[in-house]
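Enquirer: Enclosed is the structure file run.cif (mmCIF, C-alpha atoms).
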```cif
data_structure
loop_
_atom_site.label_atom_id
_atom_site.label_comp_id
_atom_site.auth_asym_id
_atom_site.auth_seq_id
_atom_site.Cartn_x
_atom_site.Cartn_y
_atom_site.Cartn_z
CA MET A 17 110.52 118.47 114.88
CA TYR A 18 108.53 116.32 112.43
CA GLY A 19 107.98 113.66 115.08
CA THR A 20 106.25 116.12 117.42
CA ARG A 21 102.64 115.10 118.05
CA LEU A 22 103.06 112.36 115.42
CA ARG A 23 101.82 109.66 117.78
CA GLY A 24 98.57 111.53 118.48
CA LEU A 25 98.03 112.20 114.78
CA ALA A 26 98.75 108.56 113.93
CA LEU A 27 96.27 107.36 116.55
CA LEU A 28 93.62 109.79 115.28
CA THR A 29 94.19 108.54 111.73
CA ALA A 30 93.98 104.89 112.81
CA GLY A 31 90.72 105.66 114.65
CA LEU A 32 89.21 107.48 111.67
CA LEU A 33 90.27 104.72 109.26
CA THR A 34 88.62 102.13 111.49
CA LEU A 35 85.47 104.27 111.64
CA THR A 36 85.56 104.60 107.86
CA LEU A 37 85.77 100.82 107.41
CA VAL A 38 82.85 100.30 109.79
CA GLY A 39 80.92 102.98 107.89
CA VAL A 40 81.71 101.45 104.51
CA PHE A 41 80.71 97.90 105.38
CA TYR A 42 78.00 98.32 108.03
CA TRP A 43 76.41 101.73 107.57
CA ALA A 44 76.53 102.92 103.96
CA PRO A 45 73.96 101.22 101.71
CA ASP A 46 74.94 99.34 98.56
CA ASP A 47 74.87 101.30 95.33
CA GLU A 48 71.80 100.71 93.13
CA THR A 49 73.71 100.20 89.90
CA ASP A 50 77.11 98.96 91.07
CA GLY A 51 75.94 96.99 94.10
CA PHE A 52 78.51 95.82 96.67
CA LEU A 53 81.37 96.43 94.19
CA GLN A 54 80.92 100.18 94.67
CA LYS A 55 82.49 99.83 98.16
CA ILE A 56 85.86 99.93 96.40
CA PHE A 57 85.23 103.59 95.57
CA TYR A 58 85.41 104.60 99.23
CA ILE A 59 89.10 103.73 99.11
CA HIS A 60 89.94 104.24 95.42
CA VAL A 61 88.59 107.76 94.89
CA PRO A 62 90.01 109.36 98.09
CA LEU A 63 93.37 107.69 97.37
CA ALA A 64 93.33 109.15 93.85
CA LEU A 65 92.36 112.65 95.00
CA VAL A 66 94.93 112.66 97.83
CA THR A 67 97.61 111.39 95.41
CA LEU A 68 96.93 114.21 92.96
CA CYS A 69 96.77 116.82 95.75
CA GLY A 70 100.06 115.41 97.08
CA PHE A 71 101.71 115.94 93.70
CA ILE A 72 100.39 119.51 93.58
CA ALA A 73 101.58 120.11 97.17
CA ALA A 74 105.03 118.84 96.16
CA GLY A 75 105.02 121.46 93.38
CA VAL A 76 104.16 124.20 95.88
CA MET A 77 106.98 123.02 98.19
CA ALA A 78 109.34 123.05 95.19
CA ILE A 79 108.35 126.68 94.49
CA GLN A 80 109.26 127.47 98.10
CA HIS A 81 112.61 125.74 97.57
CA LEU A 82 113.44 127.79 94.49
CA ARG A 83 112.23 130.98 96.19
CA THR A 84 114.12 130.55 99.48
CA GLY A 85 116.97 128.23 98.48
CA GLU A 86 116.45 126.23 101.68
CA ALA A 87 117.22 122.51 101.32
CA ARG A 88 114.41 121.50 103.69
CA TRP A 89 111.79 122.52 101.10
CA ASP A 90 113.46 120.25 98.56
CA MET A 91 113.32 117.42 101.09
CA ARG A 92 109.63 118.12 101.79
CA SER A 93 108.83 118.09 98.09
CA TYR A 94 110.82 114.86 97.63
CA VAL A 95 108.95 113.10 100.45
CA ALA A 96 105.57 114.39 99.21
CA ILE A 97 106.23 112.90 95.78
CA HIS A 98 107.42 109.64 97.34
CA ILE A 99 104.29 109.19 99.47
CA SER A 100 102.02 110.23 96.57
CA LEU A 101 103.67 107.64 94.32
CA ILE A 102 102.93 104.92 96.88
CA PHE A 103 99.31 106.07 97.11
CA GLY A 104 99.21 106.21 93.30
CA VAL A 105 100.21 102.55 93.06
CA GLY A 106 97.27 101.83 95.38
CA VAL A 107 94.96 103.82 93.08
CA LEU A 108 96.05 101.88 89.99
CA ILE A 109 95.67 98.49 91.67
CA THR A 110 92.31 99.18 93.36
CA GLY A 111 91.04 100.78 90.14
CA SER A 112 92.06 97.74 88.11
CA ILE A 113 90.32 95.43 90.58
CA TRP A 114 87.14 97.48 90.27
CA ALA A 115 87.43 97.55 86.46
CA LYS A 116 87.75 93.76 86.35
CA GLY A 117 84.59 93.40 88.42
CA ALA A 118 82.56 96.09 86.65
CA TRP A 119 83.84 96.03 83.06
CA GLY A 120 85.36 92.54 82.89
CA HIS A 121 88.83 93.90 82.08
CA TRP A 122 91.79 94.76 84.29
CA TRP A 123 92.65 97.76 82.14
CA VAL A 124 90.77 99.69 79.45
CA TRP A 125 93.03 101.74 77.19
CA SER A 126 90.10 103.68 75.70
CA GLU A 127 89.20 105.11 79.14
CA PRO A 128 90.81 108.59 79.26
CA THR A 129 90.85 109.03 83.05
CA LEU A 130 92.68 105.73 83.58
CA VAL A 131 95.26 106.53 80.93
CA ALA A 132 95.67 110.12 82.22
CA PHE A 133 96.37 108.79 85.72
CA LEU A 134 98.85 106.26 84.35
CA LEU A 135 100.59 109.06 82.43
CA VAL A 136 100.88 111.12 85.61
CA MET A 137 102.32 108.13 87.47
CA LEU A 138 104.83 107.38 84.70
CA LEU A 139 105.84 111.04 84.67
CA TYR A 140 106.51 111.02 88.43
CA ALA A 141 108.25 107.63 88.17
CA THR A 142 111.07 109.50 86.39
CA TYR A 143 111.59 111.86 89.34
CA GLN A 144 113.95 109.67 91.36
CA PRO A 145 116.07 108.56 88.36
CA LEU A 146 116.34 112.24 87.42
CA ARG A 147 117.66 113.08 90.88
CA PHE A 148 120.03 110.14 90.87
CA ALA A 149 121.40 111.14 87.45
CA ILE A 150 122.71 114.48 88.76
CA GLU A 151 125.64 114.27 91.18
CA ASP A 152 126.01 117.90 92.21
CA PRO A 153 123.56 118.29 95.15
CA GLU A 154 122.61 121.89 94.36
CA ARG A 155 121.97 121.22 90.68
CA GLN A 156 120.09 118.07 91.64
CA ALA A 157 117.84 119.99 94.03
CA ARG A 158 117.15 122.76 91.50
CA ALA A 159 116.38 120.33 88.67
CA ALA A 160 114.12 118.29 90.96
CA SER A 161 112.23 121.42 92.00
CA VAL A 162 111.73 122.54 88.40
CA PHE A 163 110.47 119.04 87.62
CA ALA A 164 108.10 119.05 90.62
CA ILE A 165 106.65 122.44 89.64
CA THR A 166 106.18 121.55 85.97
CA ALA A 167 104.66 118.16 86.76
CA GLY A 168 102.54 119.73 89.53
CA VAL A 169 101.02 122.10 86.97
CA PHE A 170 100.54 119.25 84.50
CA VAL A 171 98.43 117.21 86.96
CA PRO A 172 95.32 119.47 87.22
CA VAL A 173 95.60 120.60 83.59
CA CYS A 174 95.65 117.00 82.40
CA PHE A 175 92.54 116.03 84.35
CA VAL A 176 90.59 119.19 83.48
CA ILE A 177 91.26 118.56 79.78
CA VAL A 178 90.19 114.94 80.10
CA ARG A 179 86.97 115.98 81.81
CA LEU A 180 86.15 118.70 79.32
CA SER A 181 86.91 116.76 76.18
CA THR A 182 85.46 113.29 76.64
CA ALA A 183 82.20 111.49 77.02
CA TYR A 184 81.89 110.20 80.56
CA LEU A 185 82.80 106.56 80.87
CA HIS A 186 84.61 106.74 84.18
CA PRO A 187 82.22 107.04 87.15
CA ARG A 188 82.20 110.59 88.56
CA THR A 189 82.02 110.56 92.31
CA LEU A 190 82.42 114.29 92.77
CA ASP A 191 80.10 115.45 90.00
CA ASN A 192 76.90 116.97 91.33
CA ILE A 193 77.82 115.69 94.80
CA SER A 194 74.39 115.80 96.37
CA GLY A 195 72.87 113.90 93.45
CA ASN A 196 75.58 111.30 93.02
CA LEU A 197 76.18 110.36 96.63
CA PRO A 198 73.05 110.44 98.70
CA GLY A 199 72.89 110.55 102.52
CA ARG A 200 75.02 108.01 104.33
CA MET A 201 77.16 107.27 101.30
CA GLN A 202 78.20 110.89 101.16
CA VAL A 203 79.06 110.98 104.88
CA VAL A 204 81.19 107.83 104.60
CA PHE A 205 82.87 109.13 101.45
CA TYR A 206 83.91 112.37 103.16
CA LEU A 207 85.02 110.45 106.25
CA SER A 208 87.18 108.27 104.03
CA MET A 209 88.52 111.37 102.29
CA VAL A 210 89.57 112.93 105.63
CA SER A 211 91.08 109.63 106.90
CA ILE A 212 93.19 109.07 103.81
CA ALA A 213 94.30 112.71 103.68
CA LEU A 214 95.36 112.37 107.34
CA LEU A 215 97.13 109.09 106.52
CA TRP A 216 99.10 110.93 103.83
CA VAL A 217 100.06 113.63 106.34
CA VAL A 218 101.09 111.03 108.97
CA LEU A 219 103.24 109.08 106.52
CA TRP A 220 104.76 112.32 105.19
CA ARG A 221 105.72 113.42 108.68
CA TYR A 222 106.90 109.91 109.56
CA GLU A 223 109.26 109.86 106.58
CA MET A 224 110.33 113.48 107.18
CA ALA A 225 111.21 112.58 110.78
CA SER A 226 113.26 109.63 109.53
CA LYS A 227 115.06 111.71 106.89
CA HIS A 228 115.66 114.46 109.43
CA ALA A 229 117.19 111.96 111.89
CA SER A 230 119.39 110.51 109.12
CA ALA A 231 120.55 114.00 108.13
CA GLN A 232 121.41 114.85 111.73
CA LEU A 233 123.32 111.57 112.03
CA ARG A 234 125.29 112.32 108.86
CA ALA A 235 126.14 115.79 110.18
CA LEU A 236 127.23 114.27 113.51
CA ARG A 237 129.29 111.65 111.68
CA ARG A 238 131.13 114.38 109.77
CA LEU A 239 131.77 116.30 112.98
CA LEU A 240 133.05 113.28 114.87
CA SER A 241 135.03 111.46 112.20
CA GLY A 242 136.81 114.60 110.93
CA ASP A 243 139.96 113.81 108.95
CA ASP A 244 140.40 110.35 110.50
CA ASP A 245 137.34 109.07 108.66
CA GLU A 246 137.10 106.01 110.88
CA LEU A 247 133.57 105.25 109.74
CA PRO A 248 132.56 103.76 106.38
CA PRO A 249 131.31 106.32 103.79
CA VAL A 250 127.59 106.93 103.45
CA ARG A 251 126.12 105.25 100.35
CA ARG A 252 124.87 107.46 97.51
CA SER A 253 121.16 108.20 97.48
CA ALA A 254 118.61 110.05 95.35
CA ALA A 255 117.28 111.69 98.51
CA PRO A 256 118.25 115.34 99.05
CA ASP A 257 121.28 116.00 101.23
CA VAL A 258 120.17 118.44 103.89
CA THR A 259 123.21 118.26 106.12
CA GLY A 260 124.56 121.61 104.89
CA VAL A 261 124.14 124.97 106.61
CA GLY A 262 120.49 125.67 107.31
CA GLY A 263 119.51 122.26 106.05
CA VAL A 264 118.84 120.37 109.26
CA ARG A 265 115.60 121.81 110.55
CA MET B 2 73.56 95.98 83.66
CA PRO B 3 72.40 94.59 87.04
CA PRO B 4 74.84 94.87 89.94
CA LEU B 5 77.11 91.88 90.66
CA PRO B 6 75.77 89.60 93.42
CA LEU B 7 77.57 89.72 96.77
CA HIS B 8 79.39 86.40 96.31
CA THR B 9 80.87 87.67 93.02
CA ALA B 10 81.60 91.26 94.04
CA GLY B 11 82.85 90.33 97.53
CA PRO B 12 86.29 88.97 96.51
CA TYR B 13 87.01 92.09 94.43
CA VAL B 14 86.14 94.40 97.30
CA VAL B 15 88.17 92.35 99.79
CA ALA B 16 91.12 92.26 97.37
CA ALA B 17 91.06 96.06 96.95
CA TYR B 18 91.06 96.67 100.72
CA ILE B 19 93.80 94.06 101.25
CA VAL B 20 95.94 95.84 98.64
CA PHE B 21 95.46 99.13 100.51
CA VAL B 22 96.41 97.64 103.89
CA ALA B 23 99.33 95.68 102.38
CA LEU B 24 100.76 98.81 100.76
CA ILE B 25 100.72 100.67 104.05
CA LEU B 26 102.24 97.72 105.92
CA ILE B 27 105.02 97.28 103.34
CA TYR B 28 105.80 101.00 103.59
CA VAL B 29 105.90 100.85 107.39
CA ALA B 30 108.14 97.75 107.23
CA ILE B 31 110.59 99.52 104.90
CA MET B 32 110.61 102.54 107.20
CA ALA B 33 111.24 100.22 110.16
CA GLY B 34 114.28 98.88 108.31
CA LYS B 35 115.55 102.43 107.86
CA LEU B 36 114.94 103.13 111.54
CA SER B 37 117.07 100.15 112.54
CA ARG B 38 119.84 101.44 110.24
CA ILE B 39 119.66 104.82 111.99
CA GLU B 40 119.86 103.02 115.32
CA ARG B 41 122.93 101.05 114.18
CA GLU B 42 124.67 104.19 112.89
CA LEU B 43 123.89 105.95 116.14
CA GLY B 44 125.54 103.06 117.97
CA GLU B 45 128.64 103.40 115.77
CA LEU B 46 128.81 107.12 116.46
CA THR B 47 128.42 106.55 120.19
CA GLU B 48 131.33 104.08 120.08
CA LEU B 49 133.42 106.56 118.10
CA ALA B 50 132.65 109.34 120.58
CA ALA B 51 133.64 107.03 123.45
CA ARG B 52 136.92 106.14 121.72
CA MET B 53 137.68 109.81 121.10
CA ARG B 54 137.00 110.63 124.72
CA ALA B 55 139.27 107.79 125.92
CA ARG B 56 142.03 109.00 123.58
CA ARG B 57 141.69 112.56 124.89
CA GLU B 58 141.89 111.34 128.50
CA GLU B 59 145.04 109.34 127.68
CA GLN B 60 146.62 112.43 126.17
CA ASP B 61 145.67 114.48 129.24
CA VAL B 62 147.38 111.91 131.51
CA LEU B 63 150.58 111.99 129.39
#
```
Will you turn the file into structure tokens for me?

Expert:
Amino acid sequence: MYGTRLRGLALLTAGLLTLTLVGVFYWAPDDETDGFLQKIFYIHVPLALVTLCGFIAAGVMAIQHLRTGEARWDMRSYVAIHISLIFGVGVLITGSIWAKGAWGHWWVWSEPTLVAFLLVMLLYATYQPLRFAIEDPERQARAASVFAITAGVFVPVCFVIVRLSTAYLHPRTLDNISGNLPGRMQVVFYLSMVSIALLWVVLWRYEMASKHASAQLRALRRLLSGDDDELPPVRRSAAPDVTGVGGVR
Amino acid sequence: MPPLPLHTAGPYVVAAYIVFVALILIYVAIMAGKLSRIERELGELTELAARMRARREEQDVL
């Protein structure tokens, strides 16, 4: 189900990412104040925005899980957080590289946006250990969903507070869009935004397809092995178990 | 502050894009590992199904 049309979507994403790279390096002009270094923002800012949206989406999926009780929503939320964490690592590293070039330091603790993003990442880094700490699958799924919803609410609140309460040190790409990003830079930025959002969707579906196949295999293993249990047991994992009734979909 | 010249800013930009590509490639490699595990398990299940079928046929003959 999740693999349907995945190849086409992956090819579209690859094409758009290539177009974005061409746009970044050959079409968009250099920034007047930041120069060539500003090219990092075409990857850093969309990654950050997609990461945060991914965390919020995971919260919405968790709400669906608590509302319907269907294990597939828990799995979707789990995978959304997983992919967003990977993107988040990319945000932290690319941001640090830019900071070293622009500010001369890899990390600036007095910069509220950086620290807020790190806090969000550390918060979500506890998600998998939390799951792993609870053995009962139903309790695990419920606790994980409550976590995803609470953390999903924390993400926008945290960044709105940071924006409202501090003097601007961190460059604001999406403030006064037409003024901040003129002409070609704006086009390339939005192209990059779409490409990276699509990349998130492709990777999410890719991992969902893999988890779905694993779940179907586990269900088949249970059916076939029965009481004989000729096959070795499946190792314990923090990933949701969706082999129950109504889970494999 | 004037912008960094190309030869100074270039390595930072290249490093940032390499990190992005590397992250995606590492993720895809890990997923490929999982895919091969699924393939192996599927093979085991196919063997088990074949054994069960053979056993059933033997019982039918008896």

Enquirer: Evaluate the PyMOL selection byres ((chain A) within 6 of (chain B)) here and jot the selected residues down as a short mmCIF file (atom, residue, chain, number, x, y, z; two decimals) with C-alpha atoms, keeping the file's coordinate frame.

Expert:
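out.cif written:
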```cif
data_model
loop_
_atom_site.label_atom_id
_atom_site.label_comp_id
_atom_site.auth_asym_id
_atom_site.auth_seq_id
_atom_site.Cartn_x
_atom_site.Cartn_y
_atom_site.Cartn_z
CA THR A 49 73.71 100.20 89.90
CA ASP A 50 77.11 98.96 91.07
CA GLY A 51 75.94 96.99 94.10
CA LEU A 53 81.37 96.43 94.19
CA ILE A 56 85.86 99.93 96.40
CA THR A 110 92.31 99.18 93.36
#
```

Enquirer: With only C-alpha atoms counted, which protein, DNA or RNA residues have an atom no more than 12 Å from (115.1, 108.6, 100.5) in the file frame? Please answer as a VMD selection string.

Expert: (chain A and resid 90 to 99 144 147 to 148 220 223 to 228 230 to 231 251 to 258) or (chain B and resid 31 to 32 35)

Enquirer: Can you work out the spacing between atom CA of B:Arg54 and atom CA of A:Leu240 in Å, to one decimal?

Expert: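 Pair atom CA of B:Arg54 / atom CA of A:Leu240 returns 10.9 Å.
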
Enquirer: If the PyMOL selection byres ((chain A and resi 126-141) around 8) were run on this exact file, what residues would it hold? Put them as a VMD selection string.

Expert: chain A and resid 97 101 104 108 124 to 125 142 to 145 167 171 174 to 175 178 182 185 to 186

Enquirer: Just to be explicit: take each residue in the selection above, keep C-alpha atoms, and write the result as a compact mmCIF listing (two decimals), in the coordinates of the input.

Expert:
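Done, and the output landed in out.txt:
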```txt
# COMPACT_ATOMS: atom_id res chain seq x y z
CA ILE A 97 106.23 112.90 95.78
CA LEU A 101 103.67 107.64 94.32
CA GLY A 104 99.21 106.21 93.30
CA LEU A 108 96.05 101.88 89.99
CA VAL A 124 90.77 99.69 79.45
CA TRP A 125 93.03 101.74 77.19
CA THR A 142 111.07 109.50 86.39
CA TYR A 143 111.59 111.86 89.34
CA GLN A 144 113.95 109.67 91.36
CA PRO A 145 116.07 108.56 88.36
CA ALA A 167 104.66 118.16 86.76
CA VAL A 171 98.43 117.21 86.96
CA CYS A 174 95.65 117.00 82.40
CA PHE A 175 92.54 116.03 84.35
CA VAL A 178 90.19 114.94 80.10
CA THR A 182 85.46 113.29 76.64
CA LEU A 185 82.80 106.56 80.87
CA HIS A 186 84.61 106.74 84.18
```

Enquirer: Which residues, written as a list in words, have at least one atom at most 12 Å from A:Trp43, with only C-alpha atoms counted and residues fewer than 6 positions away on the same chain left out?

Expert: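 Contacts, with the query itself left out: Leu35, Thr36, Leu37, Lys55, Gly199, Arg200, Met201, Gln202, Val203, Val204 and Phe205 of chain A.
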
Enquirer: Between atom CA of A:Val38 and atom CA of A:Thr20, measure the distance and give it in Å to one decimal.

Expert: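 Between these atoms lies a distance of 29.3 Å.
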
Enquirer: Using Å and a single decimal, report how far atom CA of A:Arg21 sits from atom CA of A:Ala64.

Expert: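 According to the coordinates, atom CA of A:Ala64 and atom CA of A:Arg21 are separated by 26.6 Å.
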
Enquirer: Report the residues retrieved by the PyMOL selection byres ((chain A and resi 161-163) around 8) from the displayed file, expressed as a list in words.

Expert: Gly75, Ala78, Ile79, His81, Leu82, Asp90, Ser93, Tyr143, Ala157, Arg158, Ala159, Ala160, Ala164, Ile165, Thr166 and Ala167 of chain A

Enquirer: Return the single residue from A:Pro62, A:Gly106, A:Pro153, A:Gly19 that is closest to A:Leu207, with distances computed using only C-alpha atoms.

Expert: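 Looking at the shortest contact to A:Leu207, the residue is A:Pro62.
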
Enquirer: Have a look at B:Asp61, B:Ser37, B:Leu26, B:Arg52 and name the one nearest to A:Ile102; count all atoms listed in the file.

Expert: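 Ranked by minimum distance to A:Ile102, first place goes to B:Leu26.
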
Enquirer: Rank A:Leu28, A:Val40, A:Leu236, A:Leu22 by their smallest atom-to-atom distance to A:Ser208, using all atoms listed in the file, and report the top residue only.

Expert: A:Val40
